[in-house]
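Written below as structure tokens is the structure these notes are about.
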Amino acid sequence: MSLGHIVLLSGRWIQLVELRISSTYGGMLAGYPCKRVNDRRISRLRQQAETAYPSTPVHLVQPTPEYPDRAPGRLGPVEVLPGVACVGLFDSAPLATAMDGSVLAAAWFQPAPEVPAGENADAALRAITWEALAEDYEL
């Protein structure tokens, strides 16, 4: 059973088979969101995906930060990532006809704790180049 289907910009259908979500800034006790904090958070999310799916290729969808109109602090300008960090495992039809399917783990950020689905999923997630990133598998 899949959690949802996404239509990539290429037209390929992929299904979400596992989803892990967390607050982007959960546990941040001091400071404020800035480039240095965000770079660490992005790196940590990719590492979480690689740890969760060690035998699966992992793709990080680069987030688009926002820059609210706030005075910069000692760490530089305020830079805010979307509020939810996600790691998901996706499955699709095989890339090669002799295989059973293809798989890719992805890490991304999104504004709300929702399951991405259909053509309404985030454009950056839908822009994944499945054929270049995914890997075939045999059952």
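Identifiers in the structure tokens: chain A, B, ... in order shown; residue index from 1 per chain; ligand index from 1 in order shown.
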
Considering only C-alpha atoms, return as a compact mmCIF listing (two decimals) with N, CA and C atoms, in the first residue's frame whatever protein or nucleic-acid residues lie within 12 Å of Ala132 of chain A, sequence-local ones (same chain, fewer than 2 positions apart) excluded.
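File produced: out00.txt:
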# COMPACT_ATOMS: atom_id res chain seq x y z
N SER A 10 8.15 15.19 -15.36
CA SER A 10 8.45 14.37 -16.54
C SER A 10 7.25 13.53 -16.97
N PRO A 57 19.71 4.89 -3.38
CA PRO A 57 20.21 6.22 -3.71
C PRO A 57 19.36 7.29 -3.02
N VAL A 58 20.03 8.37 -2.61
CA VAL A 58 19.36 9.46 -1.88
C VAL A 58 19.52 10.75 -2.67
N HIS A 59 18.43 11.49 -2.74
CA HIS A 59 18.45 12.80 -3.40
C HIS A 59 17.94 13.85 -2.43
N LEU A 95 13.30 1.23 -14.57
CA LEU A 95 13.98 2.01 -15.61
C LEU A 95 14.32 1.10 -16.79
N SER A 102 11.80 0.54 -9.61
CA SER A 102 12.90 1.46 -9.31
C SER A 102 12.57 2.17 -8.01
N VAL A 103 13.63 2.63 -7.34
CA VAL A 103 13.47 3.19 -6.00
C VAL A 103 14.39 4.39 -5.81
N LEU A 104 13.95 5.32 -4.98
CA LEU A 104 14.75 6.49 -4.64
C LEU A 104 14.29 7.00 -3.29
N ALA A 127 9.99 17.97 -9.53
CA ALA A 127 11.03 18.16 -10.54
C ALA A 127 12.15 17.12 -10.45
N ILE A 128 12.05 16.19 -9.53
CA ILE A 128 13.07 15.14 -9.43
C ILE A 128 13.24 14.46 -10.78
N THR A 129 14.50 14.30 -11.20
CA THR A 129 14.79 13.61 -12.47
C THR A 129 14.99 12.13 -12.16
N TRP A 130 13.88 11.44 -12.07
CA TRP A 130 13.85 10.04 -11.63
C TRP A 130 14.83 9.17 -12.42
N ALA A 134 17.18 7.51 -9.66
CA ALA A 134 16.65 6.26 -9.09
C ALA A 134 17.50 5.07 -9.52
N GLU A 135 17.25 3.97 -8.86
CA GLU A 135 17.98 2.73 -9.13
C GLU A 135 16.98 1.59 -9.27
N ASP A 136 17.19 0.72 -10.23
CA ASP A 136 16.33 -0.43 -10.41
C ASP A 136 16.58 -1.48 -9.34

>> Just want the 6 Å neighbourhood of segment 80-94 of chain A, counted on only C-alpha atoms, with same-chain residues fewer than 6 positions away dropped. Output as a ChimeraX atom specification.
In response: /A:14-24,33,49,65-66,100-111,136

Output C-alpha atoms for every residue in the selection just made, as a JSON list (two decimals), in the first residue's frame.
[["chain", "number", "residue", "atom", "x", "y", "z"],
["A", 14, "ILE", "CA", 5.93, 7.56, -8.36],
["A", 15, "GLN", "CA", 4.45, 6.25, -5.16],
["A", 16, "LEU", "CA", 5.41, 7.25, -1.65],
["A", 17, "VAL", "CA", 5.85, 4.10, 0.43],
["A", 18, "GLU", "CA", 7.37, 5.59, 3.60],
["A", 19, "LEU", "CA", 7.44, 9.10, 5.05],
["A", 20, "ARG", "CA", 9.29, 10.50, 8.06],
["A", 21, "ILE", "CA", 8.57, 14.09, 9.09],
["A", 22, "SER", "CA", 9.95, 16.39, 11.75],
["A", 23, "SER", "CA", 9.93, 20.06, 12.63],
["A", 24, "THR", "CA", 12.68, 21.89, 10.75],
["A", 33, "PRO", "CA", 17.43, 30.59, 11.64],
["A", 49, "ALA", "CA", 17.99, 9.80, 4.67],
["A", 65, "PRO", "CA", 14.78, 29.87, 2.03],
["A", 66, "GLU", "CA", 12.76, 32.97, 2.82],
["A", 100, "ASP", "CA", 10.84, -5.23, -11.21],
["A", 101, "GLY", "CA", 10.83, -1.58, -10.17],
["A", 102, "SER", "CA", 12.90, 1.46, -9.31],
["A", 103, "VAL", "CA", 13.47, 3.19, -6.00],
["A", 104, "LEU", "CA", 14.75, 6.49, -4.64],
["A", 105, "ALA", "CA", 14.93, 8.03, -1.17],
["A", 106, "ALA", "CA", 14.43, 11.78, -1.03],
["A", 107, "ALA", "CA", 14.94, 14.47, 1.59],
["A", 108, "TRP", "CA", 13.05, 17.76, 1.30],
["A", 109, "PHE", "CA", 11.40, 20.58, 3.21],
["A", 110, "GLN", "CA", 7.76, 21.62, 2.94],
["A", 111, "PRO", "CA", 5.55, 24.20, 4.67],
["A", 136, "ASP", "CA", 16.33, -0.43, -10.41]]

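Closest approach to Leu125 of chain A among A:Gln48, A:Arg36, A:Leu60, A:Gly27 is made by A:Leu60 (distances from only C-alpha atoms).
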
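Straight-line separation from atom CA of Arg126 of chain A to atom CA of Thr51 of chain A: 23.3 Å.
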
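Reported to one decimal place, the separation of atom CA of Gly76 of chain A from atom CA of Ala30 of chain A is 14.7 Å.
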
>> So that I can check the secondary structure, give me every residue of chain A assigned strand (DSSP E) by backbone DSSP, as a PyMOL selection string.
In response: chain A and resi 4-7+13-23+58-60+84-92+101-110+135-137

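Residues of segment 13-131 of chain A that DSSP, applied to the backbone, places in alpha helix (DSSP H): Lys35, Arg36, Val37, Asn38, Asp39, Arg40, Arg41, Ile42, Ser43, Arg44, Leu45, Arg46, Gln47, Gln48, Ala49, Glu50, Thr51, Ala52, Ala123, Ala124, Leu125, Arg126, Trp130 and Glu131 of chain A.
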
> Quick one: distance from atom CA of Gly118 of chain A to atom CA of Thr56 of chain A in Å, one decimal?
Replying inline: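 These atoms are spaced 23.3 Å apart.
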
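The smallest atom-to-atom distance between Ala98 of chain A and any of A:Leu139, A:Gly31, A:Ala121, A:Arg41, using only C-alpha atoms, is found for A:Leu139.
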
> Residues at most 10 Å from Glu119 of chain A, counting only C-alpha atoms, excluding those fewer than 3 positions away in the same chain, as a PyMOL selection string?
Replying inline: chain A and resi 5-9+11+13+116+122-123+126

> Which residue gives the smallest distance to Ala124 of chain A among A:Val78, A:Pro63, A:Ala112, A:Ala71, with only C-alpha atoms counted?
Replying inline: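 Among the listed residues, the smallest separation from Ala124 of chain A belongs to A:Pro63.
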